[in-house]
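Structure, as C-alpha cells:
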Amino acid sequence: MKKGKLIILSGPSGVGKGTVREEVFKKPELNLAYSISMTTRKPRPGEIDGKDYYFVSEDVFRTKIAQNGFLEYAEFVGNFYGTPQDKVEELLISGKNVMLEIEVQGALQVMKKVPEALTIFLVPPSLNELEKRIRGRRTEAEDVVQARLSKAEKEIKTKDEYKYVVVNSKVHQAADEIAQIIQSNITE
Ligand code: 5GP
C-alpha cells in the first residue's frame with residue numbers, strides 16, 4: 001500500500017485552524033487522519049481528553065521528551081505541546097494522510113525532519129480580525145490574549161517557509177482551498 005502524506009496545518013493561535021480542519025475532514029475522499037497532540041495546557045470547557053488533546057502533567061510530557069517520543073514539540077505561551085511520533089508513523093504506513101495542526105516552531109521542526117511534508121499556513125484577513133477571534137473565544141485571561149497576539153505577529157512572519165498560504169476569511173472557502181491543495185498533492 002502507498003504510504004500516506006504528512007500534512008502540516010499551521011498558523012497563528014486564533015486563526016481558526018481547528019474549525020477549518022473540521023470542515024476539511026468532512027471530505028472522505030481525502031482519506032485523512034488527525035494526529036491528536038499531547039499538551040500540558042488545562043482543558044477548556046468542552047474539550048475531551050483523548051479527542052482534542054491528551055492532557056498530561058509536565059512530568060509526563062518531559063518523560064516523553066526524554067524517550068524521544070515526539071515527532072516535534074514546542075513550548076507555546078507557557079505550555080508544552082507535542083506530536084506523539086508512533087501514532088503518526090502507524091497511520092502513514094496504513095495509507096492515511098495525516099494532518100498535524102500545530103504552531104510555528106513545531107512546524108519548522110517537522111519541515112527539517114520530513115522535507116516532503118505538505119505544509120499549509122493559514123493567515124487571518126488582518127491582525128484586527130485575529131484579535132476579535134481570540135477575544136471572541138472568551139476562554140483566555142487578558143495577559144494570555146496579549147501574549148497570543150504578540151506571538152501571532154511574529155508567527156505570521158514565517159509564512160514564506162510554507163508551500164501554501166491560505167487566507168481564512170470564510171471557513172468554507174478556506175476549507176475548500178485546502179481540500180484542493182491536498183487533493184492535488186495526493187494524486188501527483
Ligand atoms: P491551543 O492552546 O489554542 O489549543 O493551542 C495553542 C497552539 O498550539 C495552537 O497554535 C495549536 O495549533 C498549537 N498546537 C497544538 N498541538 C500542537 C503540537 O502537537 N505541537 C505544536 N508544536 N503545536 C501544537
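Residues are referred to by chain and number: the chain letter is A, B, ... according to the order shown in the C-alpha cells, the number counts from 1 in that chain, and ligands are numbered separately from 1 in the order shown.
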Notebook entry, point to check: So which residues touch A:Ile186 within 12 Å, counting only C-alpha atoms, skipping near sequence neighbours fewer than 3 positions away, as a ChimeraX atom specification?
Noted result: /A:2-7,29-32,95-98,116-118,179-183
Just want the residues within 9 Å of ligand 1, written as a PyMOL selection string, counting only C-alpha atoms and all ligand atoms. chain A and resi 9-15+17-18+35-39+41-44+52-53+70-77+79-84+100-109+148
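One distance worth recording is that between atom CA of A:Leu92 and atom CA of A:Lys113, which is 15.1 Å.
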### Test item: residues at most 9 Å from A:Val171, only C-alpha atoms, excluding those fewer than 2 positions along its chain, as a PyMOL selection string
chain A and resi 16+19-20+23+168-169+173-176
Would you put the residues from that selection into a file with C-alpha atoms, as a PDB file, in the first residue's frame?
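Now in selection-v2.pdb:
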```
ATOM      1  CA  GLY A  16      -9.335  29.135  13.054  1.00  0.00           C
ATOM      2  CA  THR A  19     -12.639  24.985  12.566  1.00  0.00           C
ATOM      3  CA  VAL A  20     -11.151  24.828   9.087  1.00  0.00           C
ATOM      4  CA  GLU A  23     -14.504  21.227   7.520  1.00  0.00           C
ATOM      5  CA  ASN A 168      -9.132  32.326   6.370  1.00  0.00           C
ATOM      6  CA  SER A 169     -11.820  34.908   5.571  1.00  0.00           C
ATOM      7  CA  GLN A 173     -13.715  28.856   1.238  1.00  0.00           C
ATOM      8  CA  ALA A 174     -10.528  28.246   3.181  1.00  0.00           C
ATOM      9  CA  ALA A 175     -11.507  24.605   3.713  1.00  0.00           C
ATOM     10  CA  ASP A 176     -12.270  24.126   0.006  1.00  0.00           C
TER      11      ASP A 176
END
```
To test your reading of the structure, identify every residue in stretch 9-185 of chain A that backbone DSSP assigns to strand (DSSP E or B), and report it as JSON, numbers by chain.
{"A": [9, 10, 32, 33, 34, 37, 38, 39, 49, 53, 54, 55, 70, 71, 72, 73, 74, 75, 76, 79, 80, 81, 82, 83, 84, 97, 98, 99, 100, 101, 118, 119, 120, 121, 122, 123, 164, 165, 166, 167]}
Preceding selection exported with C-alpha atoms as a short mmCIF file (atom, residue, chain, number, x, y, z; two decimals), in the first residue's frame:
```cif
data_model
loop_
_atom_site.label_atom_id
_atom_site.label_comp_id
_atom_site.auth_asym_id
_atom_site.auth_seq_id
_atom_site.Cartn_x
_atom_site.Cartn_y
_atom_site.Cartn_z
CA LEU A 9 -1.61 22.89 9.03
CA SER A 10 -0.09 25.80 10.89
CA LEU A 32 -7.40 11.97 6.32
CA ALA A 33 -6.49 11.11 9.89
CA TYR A 34 -5.86 13.65 12.61
CA SER A 37 -1.40 16.15 20.28
CA MET A 38 -0.24 15.94 23.85
CA THR A 39 -0.31 19.11 25.94
CA ASP A 49 -9.13 14.09 26.79
CA TYR A 53 -5.69 16.53 23.13
CA TYR A 54 -4.05 14.13 25.51
CA PHE A 55 -3.94 16.36 28.58
CA PHE A 70 7.77 13.27 19.86
CA LEU A 71 7.99 13.98 16.15
CA GLU A 72 8.12 17.61 17.28
CA TYR A 73 7.24 19.60 20.36
CA ALA A 74 7.27 23.22 21.44
CA GLU A 75 6.56 25.48 24.34
CA PHE A 76 3.77 27.90 23.47
CA ASN A 79 2.50 25.29 27.99
CA PHE A 80 4.03 22.36 26.13
CA TYR A 81 2.50 20.84 23.01
CA GLY A 82 3.83 17.87 21.06
CA THR A 83 3.04 15.32 18.35
CA PRO A 84 3.43 11.71 19.51
CA ASN A 97 -2.89 11.18 5.01
CA VAL A 98 -2.07 12.50 8.45
CA MET A 99 -2.76 16.10 9.39
CA LEU A 100 -0.90 17.86 12.19
CA GLU A 101 -2.45 21.07 13.43
CA LEU A 118 2.83 19.18 2.62
CA THR A 119 2.90 22.46 4.52
CA ILE A 120 0.00 24.89 4.69
CA PHE A 121 -0.11 28.16 6.62
CA LEU A 122 -3.45 29.72 7.49
CA VAL A 123 -3.47 33.51 7.92
CA TYR A 164 0.95 27.13 0.58
CA VAL A 165 -0.55 30.16 2.35
CA VAL A 166 -4.34 30.27 2.68
CA VAL A 167 -6.35 33.25 3.97
#
```
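Put simply, atom CA of A:Arg21 is 26.7 Å away from atom CA of A:Ile65.
Checking A:Arg137, A:Ala66, A:Pro124, A:Ala147 one by one against A:Gly78, counting only C-alpha atoms, you find the shortest gap at A:Ala147.
For the pair atom CA of A:Ser150 and atom CA of A:Ile8, the separation is 22.4 Å.
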